[in-house]
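Raw structure.cif, mmCIF, C-alpha atoms:
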```cif
data_entry
loop_
_atom_site.label_atom_id
_atom_site.label_comp_id
_atom_site.auth_asym_id
_atom_site.auth_seq_id
_atom_site.Cartn_x
_atom_site.Cartn_y
_atom_site.Cartn_z
CA MET A 1 61.57 98.33 106.38
CA SER A 2 64.76 98.67 108.44
CA SER A 3 67.70 100.70 107.18
CA SER A 4 69.89 97.58 107.23
CA SER A 5 67.61 95.85 104.74
CA THR A 6 67.78 98.67 102.23
CA LYS A 7 71.47 99.49 102.47
CA ASP A 8 73.57 98.80 99.37
CA PRO A 9 75.90 95.94 100.42
CA SER A 10 78.57 97.11 97.98
CA ARG A 11 79.11 100.32 99.99
CA SER A 12 81.28 100.57 103.07
CA SER A 13 79.70 102.00 106.21
CA ILE A 14 83.05 103.45 107.31
CA GLY A 15 83.67 106.81 105.66
CA SER A 16 82.63 107.88 102.19
CA ALA A 17 83.73 110.07 99.30
CA SER A 18 81.37 112.88 100.25
CA SER A 19 83.80 115.78 99.86
CA TYR A 20 82.69 118.59 97.61
CA LEU A 21 85.87 117.94 95.63
CA SER A 22 85.05 114.33 94.92
CA ASN A 23 84.55 113.04 91.39
CA VAL A 24 84.06 109.42 92.43
CA SER A 25 80.67 109.59 90.73
CA ASN A 26 81.77 111.77 87.85
CA PHE A 27 84.95 110.58 86.15
CA LYS A 28 86.25 109.58 82.71
CA ILE A 29 88.61 106.80 81.68
CA ILE A 30 91.52 107.44 79.34
CA GLU A 31 92.26 103.89 78.20
CA SER A 32 95.95 103.58 77.38
CA THR A 33 96.39 99.93 76.38
CA LEU A 34 97.33 101.12 72.88
CA ARG A 35 99.93 103.54 74.25
CA GLU A 36 101.13 102.61 77.75
CA GLY A 37 100.30 98.98 76.98
CA GLU A 38 102.65 99.00 74.00
CA GLN A 39 105.46 99.64 76.49
CA PHE A 40 104.79 96.29 78.20
CA ALA A 41 107.75 93.94 77.80
CA ASN A 42 105.84 91.35 75.73
CA ALA A 43 103.72 93.72 73.69
CA PHE A 44 103.69 93.82 69.91
CA PHE A 45 100.37 94.80 68.41
CA THR A 46 99.74 94.48 64.70
CA THR A 47 97.44 97.00 63.07
CA GLU A 48 94.68 94.40 63.00
CA LYS A 49 95.12 93.66 66.69
CA LYS A 50 95.11 97.35 67.58
CA ILE A 51 91.84 97.77 65.71
CA GLU A 52 90.33 94.76 67.48
CA ILE A 53 91.36 96.13 70.88
CA ALA A 54 90.16 99.63 70.04
CA LYS A 55 86.73 98.35 69.00
CA ALA A 56 86.43 96.16 72.10
CA LEU A 57 87.29 99.05 74.41
CA ASP A 58 84.84 101.29 72.56
CA ASP A 59 82.11 98.68 73.02
CA PHE A 60 82.95 98.59 76.73
CA GLY A 61 82.32 102.33 76.84
CA VAL A 62 85.60 104.03 77.74
CA GLU A 63 85.49 107.73 76.98
CA TYR A 64 88.98 108.05 75.50
CA LEU A 65 91.52 105.86 73.73
CA GLU A 66 95.14 106.96 73.98
CA LEU A 67 97.49 105.85 71.18
CA THR A 68 101.25 105.68 70.80
CA SER A 69 102.83 108.83 69.38
CA PRO A 70 102.81 108.94 65.57
CA ALA A 71 106.42 110.11 65.87
CA ALA A 72 107.45 106.74 67.30
CA SER A 73 107.53 104.99 63.91
CA THR A 74 105.97 104.98 60.47
CA GLN A 75 103.63 102.16 61.48
CA SER A 76 102.59 104.03 64.63
CA TYR A 77 101.61 106.99 62.44
CA ASN A 78 99.65 104.74 60.07
CA ASP A 79 97.97 102.88 62.94
CA CYS A 80 96.89 106.17 64.47
CA LYS A 81 95.22 107.21 61.23
CA ALA A 82 93.58 103.79 60.87
CA ILE A 83 92.00 103.93 64.33
CA VAL A 84 90.87 107.51 63.81
CA GLY A 85 89.15 106.29 60.64
CA LEU A 86 87.04 103.72 62.50
CA GLY A 87 84.53 106.31 63.63
CA LEU A 88 84.40 105.08 67.22
CA LYS A 89 82.36 106.74 69.94
CA ALA A 90 85.44 107.18 72.13
CA LYS A 91 87.62 110.22 71.53
CA ILE A 92 91.03 109.35 70.10
CA LEU A 93 94.09 110.88 71.72
CA THR A 94 97.78 110.45 71.07
CA HIS A 95 100.60 110.90 73.56
CA VAL A 96 103.42 113.16 72.36
CA ARG A 97 106.52 114.88 73.62
CA CYS A 98 106.31 118.62 74.20
CA HIS A 99 107.87 119.40 70.84
CA MET A 100 106.43 121.15 67.82
CA ASP A 101 107.55 118.48 65.33
CA ASP A 102 105.70 115.78 67.29
CA ALA A 103 102.63 117.96 67.69
CA LYS A 104 102.41 118.78 63.97
CA LEU A 105 102.76 115.12 63.01
CA ALA A 106 100.06 114.12 65.49
CA VAL A 107 97.62 116.73 64.18
CA GLN A 108 98.02 115.27 60.67
CA THR A 109 96.56 111.93 61.82
CA GLY A 110 93.15 113.45 62.57
CA VAL A 111 93.05 112.62 66.29
CA ASP A 112 90.65 114.41 68.61
CA GLY A 113 93.34 115.57 70.98
CA LEU A 114 96.97 115.51 72.05
CA ASP A 115 98.35 114.43 75.41
CA VAL A 116 101.50 116.52 75.69
CA VAL A 117 104.16 115.53 78.25
CA ILE A 118 107.58 116.65 79.44
CA GLY A 119 109.72 115.56 82.40
CA THR A 120 109.84 118.05 85.28
CA SER A 121 111.76 116.29 88.05
CA SER A 122 115.41 117.13 88.64
CA TYR A 123 116.24 113.58 87.56
CA LEU A 124 114.62 113.96 84.15
CA ARG A 125 115.73 117.53 83.62
CA GLU A 126 119.35 116.51 84.25
CA PHE A 127 119.49 113.02 82.76
CA SER A 128 116.74 113.03 80.09
CA HIS A 129 116.06 116.23 78.16
CA GLY A 130 118.45 118.59 79.96
CA LYS A 131 116.14 121.62 79.89
CA ASP A 132 115.34 124.15 82.63
CA MET A 133 111.86 125.15 83.80
CA GLN A 134 111.73 128.35 81.77
CA TYR A 135 112.46 126.38 78.61
CA ILE A 136 109.70 123.93 79.56
CA ILE A 137 107.16 126.75 80.04
CA ASP A 138 108.17 128.48 76.80
CA THR A 139 107.99 125.25 74.77
CA ALA A 140 104.70 124.23 76.38
CA THR A 141 103.23 127.62 75.48
CA GLU A 142 104.21 127.21 71.83
CA VAL A 143 102.88 123.65 71.54
CA ILE A 144 99.65 124.29 73.43
CA ASN A 145 98.82 127.38 71.40
CA TYR A 146 99.41 125.44 68.19
CA VAL A 147 97.21 122.50 69.20
CA LYS A 148 94.43 124.79 70.41
CA GLY A 149 94.70 126.72 67.16
CA GLU A 150 93.99 123.47 65.32
CA GLY A 151 90.78 123.06 67.32
CA LEU A 152 91.90 119.95 69.21
CA GLU A 153 91.77 118.95 72.85
CA VAL A 154 95.05 119.32 74.67
CA ARG A 155 96.28 117.92 77.93
CA PHE A 156 99.57 119.07 79.36
CA SER A 157 101.28 116.77 81.85
CA SER A 158 104.44 116.84 83.85
CA GLU A 159 106.37 113.59 84.03
CA ASP A 160 107.68 112.29 87.36
CA SER A 161 105.40 114.77 89.11
CA PHE A 162 105.88 113.41 92.61
CA ARG A 163 109.65 113.89 92.49
CA SER A 164 109.38 117.38 91.00
CA ASP A 165 109.85 120.59 92.96
CA ILE A 166 106.38 121.61 94.09
CA VAL A 167 106.90 125.32 93.42
CA ASP A 168 108.17 124.64 89.89
CA LEU A 169 105.31 122.22 89.31
CA LEU A 170 102.54 124.59 90.41
CA ASN A 171 104.00 127.51 88.47
CA LEU A 172 104.01 125.33 85.35
CA TYR A 173 100.41 124.21 85.87
CA ARG A 174 99.24 127.78 86.45
CA ALA A 175 100.90 128.87 83.22
CA VAL A 176 99.35 126.16 81.04
CA ASP A 177 95.95 126.54 82.70
CA LYS A 178 95.94 130.22 81.68
CA LEU A 179 96.61 129.10 78.10
CA GLY A 180 93.30 127.19 78.16
CA VAL A 181 94.34 123.53 78.21
CA ASN A 182 91.49 121.04 78.61
CA ARG A 183 93.37 119.09 81.25
CA VAL A 184 96.55 119.15 83.23
CA GLY A 185 98.08 115.82 84.11
CA ILE A 186 100.05 114.50 87.03
CA ALA A 187 102.11 111.36 86.60
CA ASP A 188 103.60 109.06 89.22
CA THR A 189 106.08 107.85 86.65
CA VAL A 190 108.07 105.59 88.98
CA GLY A 191 105.23 104.45 91.25
CA CYS A 192 106.60 106.10 94.37
CA ALA A 193 103.50 107.97 95.56
CA SER A 194 101.11 106.96 98.32
CA PRO A 195 97.38 107.78 98.45
CA ASP A 196 98.02 110.49 101.05
CA GLN A 197 100.61 112.16 98.82
CA VAL A 198 98.26 111.95 95.87
CA ALA A 199 95.40 113.47 97.84
CA GLU A 200 97.56 116.38 98.94
CA LEU A 201 98.93 117.17 95.48
CA VAL A 202 95.57 116.87 93.72
CA ARG A 203 93.82 119.05 96.32
CA THR A 204 96.53 121.67 95.94
CA LEU A 205 96.34 121.52 92.16
CA ARG A 206 92.54 121.70 92.20
CA ALA A 207 92.79 124.98 94.08
CA ILE A 208 94.97 126.69 91.47
CA VAL A 209 93.67 125.45 88.09
CA SER A 210 90.22 125.69 86.54
CA CYS A 211 90.68 122.92 83.96
CA ASP A 212 90.20 119.16 84.40
CA ILE A 213 92.88 117.03 86.08
CA GLU A 214 94.13 113.75 84.63
CA CYS A 215 96.15 111.22 86.62
CA HIS A 216 98.61 108.54 85.55
CA PHE A 217 99.87 106.16 88.22
CA HIS A 218 102.46 103.41 87.94
CA ASN A 219 102.20 100.30 90.06
CA ASP A 220 105.80 99.66 91.11
CA THR A 221 104.88 99.77 94.80
CA GLY A 222 101.32 98.45 94.51
CA CYS A 223 99.38 101.69 94.99
CA ALA A 224 98.21 102.50 91.45
CA ILE A 225 94.48 101.81 91.89
CA ALA A 226 94.37 103.23 95.42
CA ASN A 227 96.15 106.33 94.13
CA ALA A 228 93.66 106.71 91.28
CA TYR A 229 90.79 106.51 93.75
CA ALA A 230 92.43 109.04 96.09
CA ALA A 231 92.91 111.38 93.13
CA LEU A 232 89.23 111.25 92.22
CA GLN A 233 88.20 111.80 95.83
CA ASN A 234 90.21 115.01 95.85
CA GLY A 235 89.21 116.59 92.57
CA ALA A 236 90.79 114.70 89.67
CA THR A 237 88.47 114.05 86.73
CA HIS A 238 90.27 111.59 84.41
CA VAL A 239 92.20 108.39 85.14
CA ASP A 240 94.54 106.46 82.83
CA THR A 241 94.11 102.67 82.71
CA SER A 242 95.26 99.74 80.62
CA VAL A 243 93.79 96.27 80.17
CA LEU A 244 95.33 93.93 82.77
CA GLY A 245 97.44 96.90 83.87
CA ILE A 246 100.08 96.26 81.21
CA GLY A 247 102.66 98.94 80.62
CA GLU A 248 106.20 100.01 81.37
CA ARG A 249 107.67 97.83 84.16
CA ASN A 250 104.76 96.85 86.45
CA GLY A 251 102.27 98.93 84.52
CA ILE A 252 99.41 101.20 85.61
CA PRO A 253 95.88 100.72 87.02
CA SER A 254 94.21 97.84 85.27
CA LEU A 255 90.90 98.65 83.65
CA GLY A 256 89.22 95.79 85.54
CA GLY A 257 90.76 96.68 88.89
CA PHE A 258 89.83 100.33 88.53
CA ILE A 259 86.29 99.39 87.54
CA ALA A 260 86.03 97.09 90.59
CA ARG A 261 87.11 99.92 92.90
CA MET A 262 84.68 102.40 91.36
CA TYR A 263 81.82 99.87 91.34
CA ALA A 264 82.28 99.46 95.08
CA ALA A 265 82.10 103.24 95.45
CA ASP A 266 79.08 103.87 93.20
CA LYS A 267 77.67 100.73 91.64
CA GLU A 268 74.79 102.30 89.75
CA TYR A 269 76.97 105.01 88.22
CA VAL A 270 79.49 102.47 86.93
CA LYS A 271 76.77 100.15 85.62
CA SER A 272 75.14 103.03 83.77
CA LYS A 273 78.38 104.05 82.03
CA TYR A 274 80.13 100.84 81.06
CA ASN A 275 79.18 97.51 79.47
CA LEU A 276 80.61 95.44 82.29
CA HIS A 277 79.88 92.09 80.62
CA LYS A 278 82.44 92.99 77.95
CA LEU A 279 85.36 93.11 80.39
CA ARG A 280 86.30 89.43 80.28
CA ASP A 281 86.43 89.36 76.48
CA ILE A 282 88.66 92.44 76.35
CA GLU A 283 91.06 90.93 78.86
CA ASN A 284 91.22 87.66 76.94
CA ILE A 285 91.99 89.53 73.70
CA VAL A 286 94.85 91.46 75.29
CA ALA A 287 96.19 88.52 77.30
CA ASP A 288 96.37 86.44 74.14
CA ALA A 289 98.00 89.28 72.20
CA VAL A 290 100.84 89.71 74.70
CA GLY A 291 101.28 86.04 75.56
CA VAL A 292 100.17 86.03 79.21
CA SER A 293 97.40 84.34 81.16
CA VAL A 294 94.74 86.25 83.04
CA PRO A 295 95.96 85.94 86.66
CA PHE A 296 94.08 83.59 88.99
CA ASN A 297 93.43 86.51 91.35
CA ASN A 298 92.61 89.06 88.69
CA TYR A 299 89.99 91.59 89.67
CA ILE A 300 86.52 90.40 88.64
CA THR A 301 87.55 87.88 85.94
CA GLY A 302 90.21 85.77 87.66
CA TYR A 303 89.00 82.22 88.17
CA CYS A 304 89.20 82.67 91.96
CA ALA A 305 87.43 86.03 92.03
CA PHE A 306 84.04 84.54 92.92
CA THR A 307 85.14 81.14 94.27
CA HIS A 308 84.23 80.37 97.88
CA LYS A 309 85.86 77.54 99.81
CA ALA A 310 85.74 77.78 103.61
CA GLY A 311 82.68 76.14 105.14
CA ILE A 312 81.47 79.16 107.11
CA HIS A 313 81.93 81.35 104.01
CA ALA A 314 80.01 78.91 101.84
CA LYS A 315 77.07 78.73 104.23
CA ALA A 316 76.77 82.51 104.39
CA ILE A 317 77.18 82.94 100.63
CA LEU A 318 74.41 80.43 99.97
CA ASN A 319 72.11 82.33 102.34
CA ASN A 320 73.05 85.82 101.13
CA PRO A 321 75.88 86.42 98.63
CA SER A 322 76.50 89.93 99.99
CA THR A 323 77.97 88.42 103.16
CA TYR A 324 81.25 87.70 101.39
CA GLU A 325 80.98 89.48 98.03
CA ILE A 326 81.34 93.23 97.51
CA LEU A 327 80.90 92.75 93.75
CA ARG A 328 77.93 90.97 92.18
CA PRO A 329 79.31 88.48 89.64
CA GLU A 330 76.09 88.70 87.61
CA ASP A 331 76.76 92.37 86.88
CA PHE A 332 79.96 91.36 85.07
CA GLY A 333 78.65 88.27 83.31
CA MET A 334 80.44 86.05 85.82
CA THR A 335 79.18 83.30 88.13
CA ARG A 336 80.11 82.35 91.67
CA TYR A 337 81.38 78.89 92.50
CA VAL A 338 81.30 77.19 95.88
CA ALA A 339 84.15 74.65 96.07
CA ILE A 340 83.17 71.57 98.05
CA GLY A 341 85.69 68.80 97.38
CA HIS A 342 88.20 69.78 100.08
CA ARG A 343 88.93 69.37 103.78
CA LEU A 344 87.48 72.81 104.65
CA THR A 345 84.07 72.08 103.16
CA GLY A 346 80.83 72.36 105.12
CA TRP A 347 77.64 70.39 104.92
CA ASN A 348 75.59 73.37 103.78
CA ALA A 349 77.71 73.57 100.63
CA VAL A 350 77.28 69.85 100.04
CA LYS A 351 73.52 70.16 100.62
CA ASN A 352 73.39 72.94 98.04
CA ARG A 353 75.05 70.68 95.47
CA VAL A 354 72.65 67.85 96.36
CA GLU A 355 69.73 70.18 95.66
CA GLN A 356 71.29 71.28 92.35
CA LEU A 357 71.50 67.62 91.31
CA GLY A 358 67.93 66.96 92.44
CA LEU A 359 68.83 64.11 94.79
CA PRO A 360 66.36 63.19 97.59
CA LEU A 361 68.89 63.24 100.45
CA THR A 362 68.30 64.45 104.00
CA ASP A 363 70.37 66.81 106.08
CA ALA A 364 71.69 63.80 107.97
CA ASP A 365 72.80 62.24 104.68
CA CYS A 366 74.56 65.46 103.68
CA LYS A 367 76.41 65.60 106.98
CA GLN A 368 77.62 62.01 106.64
CA ILE A 369 78.78 62.59 103.09
CA THR A 370 80.52 65.79 104.14
CA ASN A 371 82.51 63.90 106.77
CA LYS A 372 83.57 61.37 104.13
CA ILE A 373 84.60 64.15 101.71
CA LYS A 374 86.71 65.78 104.44
CA ASN A 375 88.48 62.49 105.20
CA LEU A 376 89.15 61.77 101.53
CA ALA A 377 90.31 65.34 100.92
CA ASP A 378 93.03 64.87 103.53
CA ILE A 379 94.58 62.56 100.91
CA ARG A 380 93.89 64.88 97.97
CA PRO A 381 91.14 67.33 96.93
CA LEU A 382 88.18 65.88 95.07
CA SER A 383 87.09 67.31 91.75
CA LEU A 384 83.48 68.40 91.33
CA ASP A 385 83.03 65.36 89.10
CA ASP A 386 84.28 63.16 91.96
CA VAL A 387 81.85 64.76 94.40
CA ASP A 388 78.94 64.38 91.97
CA LYS A 389 79.75 60.70 91.44
CA LEU A 390 79.78 60.13 95.20
CA LEU A 391 76.49 61.95 95.71
CA ARG A 392 74.74 60.10 92.91
CA LYS A 393 76.10 56.69 94.00
CA TYR A 394 74.96 57.36 97.54
CA GLY A 395 71.53 58.46 96.32
CA GLN A 396 71.09 55.31 94.22
CA ALA A 397 72.21 53.11 97.12
CA LYS A 398 69.57 54.67 99.40
CA GLU A 399 66.92 52.98 97.32
CA ASP A 400 67.96 49.56 98.68
CA ASN A 401 69.31 50.87 101.98
CA SER A 402 72.95 50.13 101.08
CA HIS A 403 74.10 53.75 101.24
CA HIS A 404 76.05 53.38 104.49
CA ALA A 405 78.17 50.68 102.87
CA ILE A 406 79.02 53.07 100.03
CA LEU A 407 80.75 55.43 102.42
CA GLU A 408 82.35 52.68 104.49
CA ASN A 409 83.94 51.02 101.45
CA ILE A 410 85.66 54.16 100.11
CA ASP A 411 89.18 54.70 101.43
CA THR A 412 90.77 56.93 98.77
CA PRO A 413 89.59 59.53 96.24
CA ASP A 414 90.96 57.35 93.44
CA GLN A 415 88.25 54.78 94.12
CA ILE A 416 85.62 57.37 93.20
CA THR A 417 87.52 58.54 90.12
CA GLU A 418 87.63 54.93 88.85
CA TRP A 419 83.84 54.44 89.10
#
```
Can the structure from this file be put into structure tokens for me?
Amino acid sequence: MSSSSTKDPSRSSIGSASSYLSNVSNFKIIESTLREGEQFANAFFTTEKKIEIAKALDDFGVEYLELTSPAASTQSYNDCKAIVGLGLKAKILTHVRCHMDDAKLAVQTGVDGLDVVIGTSSYLREFSHGKDMQYIIDTATEVINYVKGEGLEVRFSSEDSFRSDIVDLLNLYRAVDKLGVNRVGIADTVGCASPDQVAELVRTLRAIVSCDIECHFHNDTGCAIANAYAALQNGATHVDTSVLGIGERNGIPSLGGFIARMYAADKEYVKSKYNLHKLRDIENIVADAVGVSVPFNNYITGYCAFTHKAGIHAKAILNNPSTYEILRPEDFGMTRYVAIGHRLTGWNAVKNRVEQLGLPLTDADCKQITNKIKNLADIRPLSLDDVDKLLRKYGQAKEDNSHHAILENIDTPDQITEW
């Protein structure tokens, strides 16, 4: 058997994540819909809705759920305790400021770990908390030692990492790594980083810390998923996501988009870890909760994700779906659709529909019908119902040899619709 016949069509032949640093096939998801997602403009999750989302994400198989800080409000505290009490497989984390009061309150909820954060860029140090780097290190030391003393996981993250002084940043990470944190985190808080910048920072960080590395990327400039992938290629171990990417401003890597990227990198690994068929249901739950529609071009579940239109695309897809699909819709509980009622259609796509309907038409018939569809579609596109009516009418007319008249007597798509 030739190598081309055995190659996985979901993998690119140009370059690969083969570096010894790469965790493309060994990563964990910290799902932040119930923390970052609460910062989305439209978001308001009741306790019941939070529980529904938490259970759905747990069924999907994410390793961690990150919740809003219990210090945010009384209800946030109560919701945190309620989700902890569900007994989910995923570890429950909460995101807190680097402050002892917040840390003590979080520990009371029974979570598995704390994600501790403080701003480190000159912007945040001047205009947010007003503290210098020595204060940050001293406070981090106190909080981290307390959380570790309680037997919980602890991640320490800088905020606005990519606009922070690199020397200050690395000194801070070295200090907290020596304290024994489970993870350090880098955050592209304003979405300014590029994949090259991410690769450089993560590689540098990987060389100076022994703990895991978590990454949080905002999507203001459209690089969030690419940045997450670059981080994993260069030694990061954990990536923050949210369903549909909801979050502050333009949000963070969407769970579905991140899964699509990682599936393309290592399909079998992703399939073995996550219940991919659950993705559409999770997205529908969250979309409904925040009052938005799943975008038409959404990764994997958008209604155009597996729709093929152009004639040459349709022919190839019908012969071998891997020609124009890097993701297999079946793996996600989705189906492909070949659109045929338009001016770009090809006769192979029409023939495929004829075969699906079980009509005894020849290739010559399909070509004639295709020409008629193209002409009609110059007026307006035909629905699938319109196309099926035309095919069936033509097939019936062939029995008495009147099929040519069927095509000749149709001048507008509305004539078909009115049949």
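This file, filtered with the PyMOL selection byres ((chain A and resi 327-337) around 7), gives the residues Ser10, Ala264, Leu276, His277, Phe306, Thr307, His308, Glu325, Ile326, Val338 and Ala339 of chain A.
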Non-local contacts of range 176-193 of chain A (6 Å; only C-alpha atoms; under 3 positions in same chain excluded) as JSON, numbers by chain
{"A": [154, 155, 156, 157, 158, 159, 160, 161, 162, 173, 209, 211, 212, 213, 214, 215, 216, 217, 218, 219, 220, 221]}
Write out, as a short mmCIF file (atom, residue, chain, number, x, y, z; two decimals), in the frame of the given file, the residues just selected, with C-alpha atoms.
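Just written: selection_23.cif:
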```
data_model
loop_
_atom_site.label_atom_id
_atom_site.label_comp_id
_atom_site.auth_asym_id
_atom_site.auth_seq_id
_atom_site.Cartn_x
_atom_site.Cartn_y
_atom_site.Cartn_z
CA VAL A 154 95.05 119.32 74.67
CA ARG A 155 96.28 117.92 77.93
CA PHE A 156 99.57 119.07 79.36
CA SER A 157 101.28 116.77 81.85
CA SER A 158 104.44 116.84 83.85
CA GLU A 159 106.37 113.59 84.03
CA ASP A 160 107.68 112.29 87.36
CA SER A 161 105.40 114.77 89.11
CA PHE A 162 105.88 113.41 92.61
CA TYR A 173 100.41 124.21 85.87
CA VAL A 209 93.67 125.45 88.09
CA CYS A 211 90.68 122.92 83.96
CA ASP A 212 90.20 119.16 84.40
CA ILE A 213 92.88 117.03 86.08
CA GLU A 214 94.13 113.75 84.63
CA CYS A 215 96.15 111.22 86.62
CA HIS A 216 98.61 108.54 85.55
CA PHE A 217 99.87 106.16 88.22
CA HIS A 218 102.46 103.41 87.94
CA ASN A 219 102.20 100.30 90.06
CA ASP A 220 105.80 99.66 91.11
CA THR A 221 104.88 99.77 94.80
#
```
Select, from A:Val270, A:Val290, A:Ala226, A:Ile282, the residue with the minimum atom-to-atom distance to Ile252 in chain A, counting only C-alpha atoms.
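Using only C-alpha atoms, the shortest distance to Ile252 in chain A belongs to A:Ala226.
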Report as AutoDock Vina command-line options the centre and the edge lengths, in Å to one decimal, of the axis-aligned box holding every listed atom of range 161-172 of chain A, padded by 6 Å on each side.
```
--center_x 106.2 --center_y 120.5 --center_z 89.7 --size_x 19.3 --size_y 26.1 --size_z 20.7
```
When the PyMOL selection byres ((chain A and resi 311-315) around 7) is applied to the structure above, which residues does it catch, written out as an MDAnalysis selection string?
chainID A and resid 308:310 316:319 324 338 344:346 348:349
Report as a tab-separated table (two decimals) with C-alpha atoms, in the coordinates of the input all protein, DNA and RNA residues lying within 10 Å of Thr109 in chain A, evaluated on all atoms listed in the file, omitting residues in the same chain fewer than 5 positions from it.
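Done, and the output landed in part-v6.tsv:
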```tsv
chain	number	residue	atom	x	y	z
A	70	PRO	CA	102.81	108.94	65.57
A	77	TYR	CA	101.61	106.99	62.44
A	78	ASN	CA	99.65	104.74	60.07
A	79	ASP	CA	97.97	102.88	62.94
A	80	CYS	CA	96.89	106.17	64.47
A	81	LYS	CA	95.22	107.21	61.23
A	82	ALA	CA	93.58	103.79	60.87
A	83	ILE	CA	92.00	103.93	64.33
A	84	VAL	CA	90.87	107.51	63.81
A	85	GLY	CA	89.15	106.29	60.64
A	94	THR	CA	97.78	110.45	71.07
A	104	LYS	CA	102.41	118.78	63.97
```
I'd like to see the residues matched by the PyMOL selection byres ((chain A and resi 131-147) around 8) on this file, and ideally I'd get them as a PyMOL selection string.
chain A and resi 98-100+103+107+114+118+120+125-126+129-130+148-154+156+168+172+175-176+179+181
Distance in Å - CA of Thr417 in chain A versus CA of Val350 in chain A:
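It comes out at 18.2 Å.
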Any idea what's packed within 10 Å of Asp281 in chain A, counting only C-alpha atoms, ignoring anything in its chain fewer than 6 positions away? Could you give it as a PyMOL selection string?
chain A and resi 56-57+60+287+301
